[in-house]
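File shown: upload.csv. Contents: CSV, C-alpha atoms.
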chain,number,residue,atom,x,y,z
A,276,MET,CA,61.2,-182.6,68.8
A,277,SER,CA,63.8,-184.8,70.5
A,278,ARG,CA,66.6,-183.4,68.3
A,279,LYS,CA,66.1,-180.0,69.9
A,280,PHE,CA,67.3,-181.6,73.1
A,281,PHE,CA,70.4,-182.9,71.4
A,282,GLU,CA,71.1,-179.3,70.2
A,283,ARG,CA,71.5,-178.3,73.9
A,284,ILE,CA,74.7,-180.3,74.1
A,285,GLY,CA,75.9,-179.8,70.5
A,286,TYR,CA,75.7,-183.5,69.8
A,287,ASP,CA,74.6,-185.1,66.5
A,288,GLY,CA,75.3,-188.7,67.4
A,289,ASN,CA,72.9,-191.3,69.0
A,290,LEU,CA,71.9,-191.6,72.6
A,291,GLU,CA,73.2,-195.2,72.9
A,292,ASP,CA,76.8,-194.0,72.5
A,293,ILE,CA,76.4,-191.6,75.4
A,294,SER,CA,74.8,-194.3,77.5
A,295,ARG,CA,77.6,-196.8,76.9
A,296,LYS,CA,80.2,-194.3,77.7
A,297,VAL,CA,78.5,-193.3,81.0
A,298,CYS,CA,78.1,-197.0,81.9
A,299,GLN,CA,81.9,-197.4,81.5
A,300,ASP,CA,83.0,-194.2,83.2
A,301,PHE,CA,80.7,-194.5,86.2
A,302,SER,CA,81.0,-198.3,86.5
A,303,ILE,CA,77.2,-198.7,86.8
A,304,GLY,CA,76.9,-201.9,84.8
A,305,GLU,CA,76.2,-203.0,81.2
A,306,PHE,CA,73.9,-200.9,79.0
A,307,GLU,CA,70.4,-202.3,78.4
A,308,SER,CA,68.2,-199.3,77.3
A,309,ASN,CA,67.6,-195.6,77.6
A,310,GLU,CA,64.8,-193.0,77.4
A,311,LEU,CA,65.1,-189.3,76.8
A,312,ILE,CA,63.3,-187.1,79.3
A,313,LEU,CA,61.3,-184.6,77.2
A,314,VAL,CA,60.6,-181.9,79.9
A,315,GLY,CA,62.7,-179.1,81.2
A,316,TYR,CA,64.1,-175.9,79.6
A,317,GLU,CA,67.9,-176.3,80.2
A,318,ASP,CA,69.9,-179.5,80.2
A,319,PHE,CA,69.9,-182.9,78.4
A,320,ASN,CA,68.5,-185.6,80.7
A,321,PHE,CA,67.7,-189.2,80.1
A,322,ILE,CA,67.0,-192.5,82.0
A,323,LEU,CA,69.6,-195.2,81.7
A,324,LYS,CA,68.9,-198.9,82.4
A,325,THR,CA,71.8,-201.2,83.1
A,326,ASP,CA,72.1,-204.7,84.4
A,327,LYS,CA,72.8,-203.2,87.8
A,328,GLY,CA,69.8,-200.8,87.9
A,329,ASN,CA,68.3,-197.6,86.6
A,330,TYR,CA,69.9,-194.1,86.7
A,331,VAL,CA,69.1,-190.6,85.7
A,332,ILE,CA,71.8,-189.0,83.5
A,333,LYS,CA,72.2,-185.2,83.3
A,334,VAL,CA,74.4,-183.9,80.5
A,335,PHE,CA,74.8,-180.1,81.2
A,336,ALA,CA,73.8,-177.8,78.3
A,337,ASN,CA,76.6,-176.1,76.4
A,338,SER,CA,75.1,-172.8,77.5
A,339,ARG,CA,76.3,-173.5,81.1
A,340,GLU,CA,79.8,-172.4,82.2
A,341,ASP,CA,81.9,-175.0,84.0
A,342,ASP,CA,81.5,-173.1,87.2
A,343,GLU,CA,77.8,-173.3,86.9
A,344,CYS,CA,77.9,-177.1,86.4
A,345,LYS,CA,80.1,-177.5,89.5
A,346,ARG,CA,77.8,-175.2,91.4
A,347,ILE,CA,74.7,-177.3,90.7
A,348,VAL,CA,76.6,-180.5,91.8
A,349,ASP,CA,77.8,-178.8,95.0
A,350,VAL,CA,74.3,-177.6,95.8
A,351,ASN,CA,72.9,-181.1,95.4
A,352,LEU,CA,75.6,-182.4,97.7
A,353,ALA,CA,74.8,-179.8,100.3
A,354,ALA,CA,71.1,-180.6,100.1
A,355,MET,CA,71.9,-184.3,100.6
A,356,GLU,CA,73.8,-183.5,103.7
A,357,GLY,CA,71.0,-181.3,104.9
A,358,ASP,CA,68.5,-184.2,104.8
A,359,VAL,CA,66.5,-182.9,101.9
A,360,THR,CA,64.8,-185.7,100.1
A,361,ILE,CA,66.7,-185.7,96.8
A,362,PRO,CA,68.1,-188.5,94.6
A,363,LYS,CA,71.7,-189.4,95.5
A,364,LEU,CA,74.5,-188.5,93.2
A,365,ILE,CA,76.7,-191.3,91.9
A,366,LYS,CA,80.5,-190.8,91.8
A,367,SER,CA,82.8,-191.6,88.9
A,368,SER,CA,86.5,-192.1,89.3
A,369,TYR,CA,86.8,-188.3,88.5
A,370,GLY,CA,84.2,-187.3,91.1
A,371,TYR,CA,80.5,-186.3,91.0
A,372,LEU,CA,81.0,-183.9,88.0
A,373,HIS,CA,82.4,-185.9,85.2
A,374,ARG,CA,84.0,-184.6,81.9
A,375,THR,CA,84.3,-186.7,78.8
A,376,THR,CA,84.3,-186.5,75.0
A,377,ILE,CA,81.9,-188.4,72.9
A,378,GLY,CA,82.4,-188.1,69.1
A,379,SER,CA,83.4,-184.4,68.7
A,380,SER,CA,81.4,-183.2,71.7
A,381,ASP,CA,82.8,-182.3,75.1
A,382,MET,CA,80.3,-183.2,77.8
A,383,ARG,CA,79.9,-182.4,81.5
A,384,ILE,CA,77.8,-185.2,83.2
A,385,CYS,CA,76.4,-186.2,86.5
A,386,VAL,CA,74.6,-189.4,87.4
A,387,LEU,CA,71.8,-189.7,89.9
A,388,GLU,CA,69.9,-192.6,91.4
A,389,TYR,CA,66.7,-193.3,89.6
A,390,ILE,CA,63.4,-192.9,91.4
A,391,ASP,CA,60.7,-195.3,90.3
A,392,GLY,CA,57.9,-192.9,89.6
A,393,LYS,CA,57.0,-189.8,87.6
A,394,ASN,CA,56.9,-186.1,88.3
A,395,LEU,CA,53.7,-184.4,89.3
A,396,TYR,CA,53.4,-182.7,85.9
A,397,ALA,CA,53.5,-186.0,84.0
A,398,LEU,CA,51.1,-187.6,86.5
A,399,LYS,CA,48.7,-184.6,86.4
A,400,HIS,CA,48.6,-185.0,90.1
A,401,LYS,CA,47.8,-182.3,92.6
A,402,ALA,CA,49.3,-182.8,96.0
A,403,ASN,CA,47.0,-183.9,98.9
A,404,GLU,CA,47.3,-182.5,102.4
A,405,ASP,CA,49.9,-184.9,103.6
A,406,GLU,CA,52.0,-184.3,100.5
A,407,ILE,CA,51.7,-180.5,100.8
A,408,LYS,CA,53.0,-180.8,104.4
A,409,PHE,CA,55.9,-182.9,103.2
A,410,LEU,CA,56.8,-180.5,100.4
A,411,SER,CA,56.5,-177.6,102.8
A,412,ARG,CA,58.9,-179.3,105.3
A,413,GLN,CA,61.3,-179.9,102.4
A,414,ALA,CA,61.1,-176.2,101.5
A,415,SER,CA,61.9,-175.3,105.1
A,416,LEU,CA,64.9,-177.6,105.1
A,417,ILE,CA,66.2,-176.1,101.9
A,418,ASN,CA,65.7,-172.6,103.1
A,419,SER,CA,67.7,-173.6,106.3
A,420,LEU,CA,70.8,-174.6,104.4
A,421,THR,CA,73.7,-172.3,105.2
A,422,ILE,CA,75.1,-172.0,101.7
A,423,ASN,CA,75.5,-169.1,99.4
A,424,PRO,CA,76.4,-170.3,95.9
A,425,ARG,CA,77.5,-167.9,93.2
A,426,PHE,CA,74.5,-166.1,91.8
A,427,ILE,CA,73.1,-167.4,88.5
A,428,TYR,CA,70.6,-165.2,86.7
A,429,ASP,CA,67.2,-166.9,86.1
A,430,GLY,CA,64.8,-165.2,83.7
A,431,TRP,CA,61.8,-166.9,85.4
A,432,ALA,CA,62.7,-165.7,88.9
A,433,ILE,CA,60.2,-163.4,90.5
A,434,THR,CA,62.9,-161.0,91.6
A,435,ASN,CA,63.7,-160.3,88.0
A,436,PHE,CA,60.1,-159.3,87.1
A,437,ALA,CA,60.9,-155.7,86.2
A,438,ARG,CA,63.9,-156.6,84.0
A,439,GLU,CA,62.2,-159.4,82.2
A,440,PHE,CA,59.1,-157.3,81.6
A,441,LYS,CA,61.2,-154.8,79.7
A,442,ARG,CA,62.5,-157.6,77.5
A,443,LYS,CA,59.4,-159.8,77.1
A,444,GLY,CA,56.5,-157.6,77.7
A,445,LYS,CA,56.2,-156.6,74.0
A,446,TYR,CA,55.3,-160.2,73.1
A,447,LEU,CA,52.3,-160.3,75.5
A,448,GLU,CA,48.7,-160.4,74.3
A,449,LYS,CA,46.8,-157.1,75.1
A,450,GLU,CA,44.8,-158.5,78.1
A,451,ASP,CA,47.9,-160.1,79.7
A,452,PHE,CA,49.9,-156.9,79.2
A,453,GLY,CA,47.4,-154.8,81.0
A,454,ILE,CA,47.2,-157.1,84.0
A,455,ILE,CA,50.9,-157.6,84.3
A,456,GLU,CA,51.8,-154.0,83.7
A,457,ALA,CA,49.5,-153.1,86.7
A,458,LEU,CA,51.2,-155.7,88.8
A,459,LEU,CA,54.6,-154.4,87.9
A,460,GLU,CA,53.7,-151.0,89.5
A,461,GLU,CA,53.1,-152.9,92.8
A,462,PHE,CA,56.3,-154.8,92.4
A,463,ASN,CA,58.3,-151.7,92.0
A,464,MET,CA,56.9,-150.3,95.2
A,465,LEU,CA,58.2,-153.2,97.3
A,466,ASP,CA,61.6,-153.1,99.0
A,467,ILE,CA,62.6,-156.5,97.8
A,468,GLU,CA,66.2,-156.2,98.9
A,469,ASN,CA,65.2,-155.7,102.5
A,470,LEU,CA,63.1,-158.8,102.7
A,471,PRO,CA,64.7,-161.7,104.6
A,472,HIS,CA,66.9,-163.7,102.2
A,473,CYS,CA,68.1,-167.2,102.3
A,474,PHE,CA,69.1,-170.1,100.0
A,475,VAL,CA,66.1,-170.9,97.8
A,476,HIS,CA,65.5,-173.8,95.5
A,477,GLY,CA,63.5,-171.4,93.4
A,478,ASP,CA,61.9,-173.9,91.1
A,479,LEU,CA,59.6,-176.2,93.2
A,480,ILE,CA,57.2,-176.8,90.4
A,481,SER,CA,55.4,-179.9,89.3
A,482,PRO,CA,58.1,-181.2,86.8
A,483,ASN,CA,60.6,-181.0,89.7
A,484,VAL,CA,58.7,-183.1,92.2
A,485,ILE,CA,58.8,-186.8,91.6
A,486,ARG,CA,56.1,-189.0,93.2
A,487,GLU,CA,57.6,-192.5,93.6
A,488,ASN,CA,55.3,-195.5,93.0
A,489,THR,CA,55.3,-196.0,96.7
A,490,GLY,CA,53.8,-192.5,97.2
A,491,ARG,CA,57.0,-191.0,98.5
A,492,MET,CA,58.0,-187.6,97.0
A,493,TRP,CA,61.4,-186.4,95.9
A,494,ILE,CA,62.8,-183.0,95.0
A,495,ILE,CA,65.0,-182.6,91.9
A,496,ASP,CA,66.7,-179.9,89.9
A,497,PHE,CA,68.5,-177.2,91.8
A,498,GLY,CA,69.6,-175.5,88.6
A,499,ALA,CA,67.6,-172.3,89.4
A,500,SER,CA,68.6,-172.1,93.1
A,501,ASN,CA,70.0,-168.8,94.4
A,502,ARG,CA,69.9,-166.6,97.4
A,503,TYR,CA,66.5,-165.0,97.2
A,504,PRO,CA,63.8,-163.5,99.4
A,505,ARG,CA,62.7,-166.3,101.6
A,506,ILE,CA,59.0,-166.1,100.6
A,507,GLN,CA,59.9,-166.8,97.0
A,508,GLU,CA,60.0,-170.6,97.8
A,509,LEU,CA,56.4,-170.7,99.0
A,510,ALA,CA,55.3,-168.4,96.2
A,511,VAL,CA,56.7,-170.7,93.5
A,512,LEU,CA,55.0,-173.7,95.2
A,513,ALA,CA,51.7,-171.7,95.3
A,514,CYS,CA,51.8,-170.9,91.6
A,515,ASP,CA,51.8,-174.6,90.5
A,516,VAL,CA,52.0,-177.5,92.9
A,517,LEU,CA,49.4,-175.9,95.3
A,518,PHE,CA,47.4,-174.1,92.6
A,519,ILE,CA,44.0,-175.4,91.6
A,520,GLU,CA,42.7,-173.9,88.4
A,521,ASN,CA,39.3,-172.2,88.8
A,522,ASP,CA,39.2,-172.8,92.5
A,523,LYS,CA,40.7,-169.9,94.5
A,524,ILE,CA,39.3,-171.2,97.8
A,525,LYS,CA,41.1,-174.5,97.4
A,526,SER,CA,44.3,-172.9,96.2
A,527,ASP,CA,44.3,-170.5,99.2
A,528,LYS,CA,43.6,-173.4,101.6
A,529,ASN,CA,46.5,-175.3,100.1
A,530,LEU,CA,48.8,-172.4,100.7
A,531,GLU,CA,47.5,-172.0,104.2
A,532,ILE,CA,48.4,-175.7,104.9
A,533,ALA,CA,51.8,-175.2,103.4
A,534,LEU,CA,52.4,-172.0,105.4
A,535,ASP,CA,51.5,-173.6,108.7
A,536,GLU,CA,53.8,-176.6,108.2
A,537,TYR,CA,56.7,-174.4,106.9
A,538,GLN,CA,56.5,-172.2,109.9
A,539,LYS,CA,57.1,-175.1,112.3
A,540,THR,CA,60.7,-174.8,111.1
A,541,VAL,CA,61.1,-171.3,109.6
A,542,LYS,CA,59.1,-168.5,111.1
A,543,LEU,CA,58.2,-165.7,108.7
A,544,THR,CA,57.9,-162.1,109.7
A,545,ASP,CA,54.6,-160.2,109.8
A,546,ASN,CA,55.7,-158.3,106.7
A,547,GLU,CA,56.5,-161.5,104.8
A,548,LEU,CA,53.1,-162.9,105.6
A,549,ALA,CA,51.4,-159.7,104.5
A,550,ILE,CA,53.4,-159.6,101.2
A,551,LEU,CA,53.1,-163.3,100.3
A,552,PRO,CA,49.7,-163.3,98.5
A,553,LEU,CA,50.9,-160.5,96.3
A,554,TYR,CA,54.2,-162.3,95.7
A,555,VAL,CA,52.2,-165.3,94.5
A,556,ARG,CA,50.6,-163.1,91.9
A,557,PHE,CA,54.0,-162.0,90.8
A,558,GLY,CA,54.8,-165.7,90.3
A,559,HIS,CA,51.8,-166.2,88.1
A,560,ALA,CA,52.8,-163.1,86.1
A,561,MET,CA,56.3,-164.5,85.6
A,562,HIS,CA,54.8,-167.8,84.3
A,563,VAL,CA,52.8,-165.8,81.7
A,564,LEU,CA,55.6,-163.5,80.8
A,565,SER,CA,58.2,-166.2,80.3
A,566,ALA,CA,56.1,-169.0,78.9
A,567,ASN,CA,54.5,-166.6,76.4
A,568,TYR,CA,58.0,-165.4,75.4
A,569,GLU,CA,59.1,-169.0,74.9
A,570,LYS,CA,56.0,-169.6,72.7
A,571,VAL,CA,56.1,-166.4,70.6
A,572,ALA,CA,59.7,-165.5,70.4
A,573,LYS,CA,61.4,-168.9,70.6
A,574,GLU,CA,58.5,-170.9,69.0
A,575,ASN,CA,58.5,-173.3,72.0
A,576,ARG,CA,55.2,-175.2,71.5
A,577,SER,CA,55.8,-177.9,74.1
A,578,LYS,CA,53.0,-179.1,76.3
A,579,GLU,CA,55.0,-178.1,79.4
A,580,ASN,CA,55.3,-174.5,78.2
A,581,GLU,CA,51.6,-174.3,77.3
A,582,TYR,CA,50.8,-175.7,80.7
A,583,PHE,CA,52.7,-172.9,82.5
A,584,LEU,CA,51.2,-170.3,80.2
A,585,ARG,CA,47.7,-171.6,81.0
A,586,ILE,CA,48.0,-171.8,84.8
A,587,GLY,CA,49.8,-168.5,84.9
A,588,ARG,CA,46.8,-166.8,83.2
A,589,ALA,CA,44.4,-168.7,85.4
A,590,GLY,CA,46.3,-167.5,88.5
A,591,LEU,CA,46.2,-163.9,87.4
A,592,ARG,CA,42.4,-164.1,86.7
A,593,ASN,CA,41.6,-166.1,89.9

Step by step, read the file and then write its structure as structure tokens.
Amino acid sequence: MSRKFFERIGYDGNLEDISRKVCQDFSIGEFESNELILVGYEDFNFILKTDKGNYVIKVFANSREDDECKRIVDVNLAAMEGDVTIPKLIKSSYGYLHRTTIGSSDMRICVLEYIDGKNLYALKHKANEDEIKFLSRQASLINSLTINPRFIYDGWAITNFAREFKRKGKYLEKEDFGIIEALLEEFNMLDIENLPHCFVHGDLISPNVIRENTGRMWIIDFGASNRYPRIQELAVLACDVLFIENDKIKSDKNLEIALDEYQKTVKLTDNELAILPLYVRFGHAMHVLSANYEKVAKENRSKENEYFLRIGRAGLRN
């Protein structure tokens, strides 16, 4: 399983060699140990322990263009300046985005401070009311950032529902196909382009929210961020972090709490408020569509992928 992660960066060596090189180039101490992070669909991430402390190392996947790597780093810097609660980036002598060669592999690397905790997915933790309010405030801060980075296509994004259905729909099971095809008709009736747009994290899901051992929460991974319809942020939250399987009343209450807190900073229009519940269903449909494609077409049998397939189906049947 772990070697599949190494394939993302075209590297057939060992993790210790990368770790020691990062220690040297970022001046973060002497290498002690490392641990591969076995979640996520894109990059190669691991935890590095040195005699000076712990760090999270992101080696960008070979599938990413240089401009995309720079974009992700720049977005993180903008979020830091906008008081979003994210891990701080560590600078090397070359800047926040570092290039190096290890063995025969060219690598693009950034280093972040380590948060002593685990993500909500690993903890199997559902946010309580105070945590929902905190995450909603974070969403409103993110959506208030006045940045417009170069667009990056994301096959999981709700706005790409119609295009992705054409590509992935044939892999769906019969019952899923019927439900999602009916939803697609409603999606095609919406004037998505004329909804209020802003900068959106786009991936506020349980693997991207870290709960520190002190209880404090942190947002990570802006790799899917784009300028999107504003309600997309809350819809993605509602499809996982706020979603309680087999309890529609509780799920709806969590979204109500989130919405009230969010609107203390960002006021949604009446049209956005009316569309949001449907947009949440589109989000569940995208989880089923994309996770099922990962499973059937790409043979991705990871627990994380199975989780999103399961909760997407539960959301569509709730």

Inset, instruction - Grab the CA of Arg592 (chain A) to CA of Leu479 (chain A) distance for me, in Å with one decimal place. - result: 22.0 Å

Inset, instruction - Would you mind telling me which residue in A:Gly357, A:Ile347, A:Ser338, A:Ser277 lies nearest to Asn320 (chain A) when using only C-alpha atoms? - result: A:Ser277

For region 474-584 of chain A versus region 446-467 of chain A, which residues have an atom no more than 9 Å away, and what is each residue's nearest atom pair and distance in Å rounded to one decimal, using all atoms listed in the file, chain-then-number order, as a tab-separated table?
residue	atom	partner	partner_atom	distance
A:Pro504	CA	A:Ile467	CA	7.3
A:Ile550	CA	A:Leu465	CA	8.9
A:Leu553	CA	A:Glu461	CA	8.7
A:Tyr554	CA	A:Phe462	CA	8.5
A:Arg556	CA	A:Leu458	CA	8.0
A:Phe557	CA	A:Leu458	CA	7.2
A:Ala560	CA	A:Ile455	CA	6.1
A:Met561	CA	A:Ile455	CA	8.9
A:Val563	CA	A:Asp451	CA	7.8
A:Leu564	CA	A:Leu447	CA	7.0
A:Asn567	CA	A:Leu447	CA	6.7
A:Tyr568	CA	A:Tyr446	CA	6.3
A:Val571	CA	A:Tyr446	CA	6.7
A:Ala572	CA	A:Tyr446	CA	7.4

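Residue nearest Thr544 (chain A) within the list A:Leu530, A:Asp381, A:Tyr371, A:Ile506: A:Ile506 [criterion: smallest interatomic distance, all atoms listed in the file].
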
Inset, instruction - Calculate how many Å separate CA of Asn351 (chain A) from CA of Asn423 (chain A), rounding to one decimal. - result: 12.9 Å

Legend entry - Long-range neighbours of Arg491 (chain A) as a list in words, 10 Å cut-off, only C-alpha atoms, 5 positions minimum in chain: Thr360, Ile390, Asp391, Gly392, Glu406, Phe409, Ile485 and Arg486 of chain A

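Nearest residue to Asp318 (chain A) among A:Leu395, A:Cys344, A:Val484, A:Val541 is A:Cys344, counting all atoms listed in the file.
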
Inset, instruction - Around the point (73.5, -183.4, 86.7), in the coordinates given by the file, pick out the residues reaching within 12 Å, counting all atoms listed in the file, and return them as a PyMOL selection string. - result: chain A and resi 317-321+330-336+339+343-352+362-366+371-374+382-388+495-498

Inset, instruction - Excluding region 468-477 of chain A and any residue of its chain fewer than 4 positions from it, enumerate the residues within 7 Å of it, using all atoms listed in the file, and give them as an MDAnalysis selection string. - result: chainID A and resid 417:418 420 422:423 497 499:505 507:508 511

Legend entry - From A:Asp287, A:Ser565, A:Leu509, A:Leu311, residue lying nearest Lys445 (chain A) [only C-alpha atoms]: A:Ser565

Give me region 530-543 of chain A with N, CA and C atoms filled in, as a compact mmCIF listing (two decimals), in the coordinates of the input.
# COMPACT_ATOMS: atom_id res chain seq x y z
N LEU A 530 47.73 -173.22 100.26
CA LEU A 530 48.80 -172.40 100.70
C LEU A 530 48.80 -172.19 102.22
N GLU A 531 47.63 -172.13 102.79
CA GLU A 531 47.50 -172.00 104.20
C GLU A 531 48.10 -173.26 104.94
N ILE A 532 47.81 -174.43 104.39
CA ILE A 532 48.40 -175.70 104.90
C ILE A 532 49.89 -175.66 104.83
N ALA A 533 50.37 -175.27 103.66
CA ALA A 533 51.80 -175.20 103.40
C ALA A 533 52.48 -174.23 104.38
N LEU A 534 51.87 -173.10 104.55
CA LEU A 534 52.40 -172.00 105.40
C LEU A 534 52.52 -172.48 106.85
N ASP A 535 51.46 -173.12 107.33
CA ASP A 535 51.50 -173.60 108.70
C ASP A 535 52.57 -174.61 108.95
N GLU A 536 52.75 -175.53 108.01
CA GLU A 536 53.80 -176.60 108.20
C GLU A 536 55.18 -175.96 108.04
N TYR A 537 55.36 -175.08 107.10
CA TYR A 537 56.70 -174.40 106.90
C TYR A 537 57.13 -173.70 108.12
N GLN A 538 56.18 -173.02 108.78
CA GLN A 538 56.50 -172.20 109.90
C GLN A 538 56.82 -172.99 111.20
N LYS A 539 56.65 -174.29 111.16
CA LYS A 539 57.10 -175.10 112.30
C LYS A 539 58.62 -175.15 112.34
N THR A 540 59.25 -174.87 111.20
CA THR A 540 60.70 -174.80 111.10
C THR A 540 61.25 -173.44 110.89
N VAL A 541 60.62 -172.70 109.99
CA VAL A 541 61.10 -171.30 109.60
C VAL A 541 59.91 -170.38 109.89
N LYS A 542 60.10 -169.46 110.80
CA LYS A 542 59.10 -168.50 111.10
C LYS A 542 59.20 -167.24 110.28
N LEU A 543 58.15 -166.93 109.53
CA LEU A 543 58.20 -165.70 108.70
C LEU A 543 57.79 -164.50 109.51
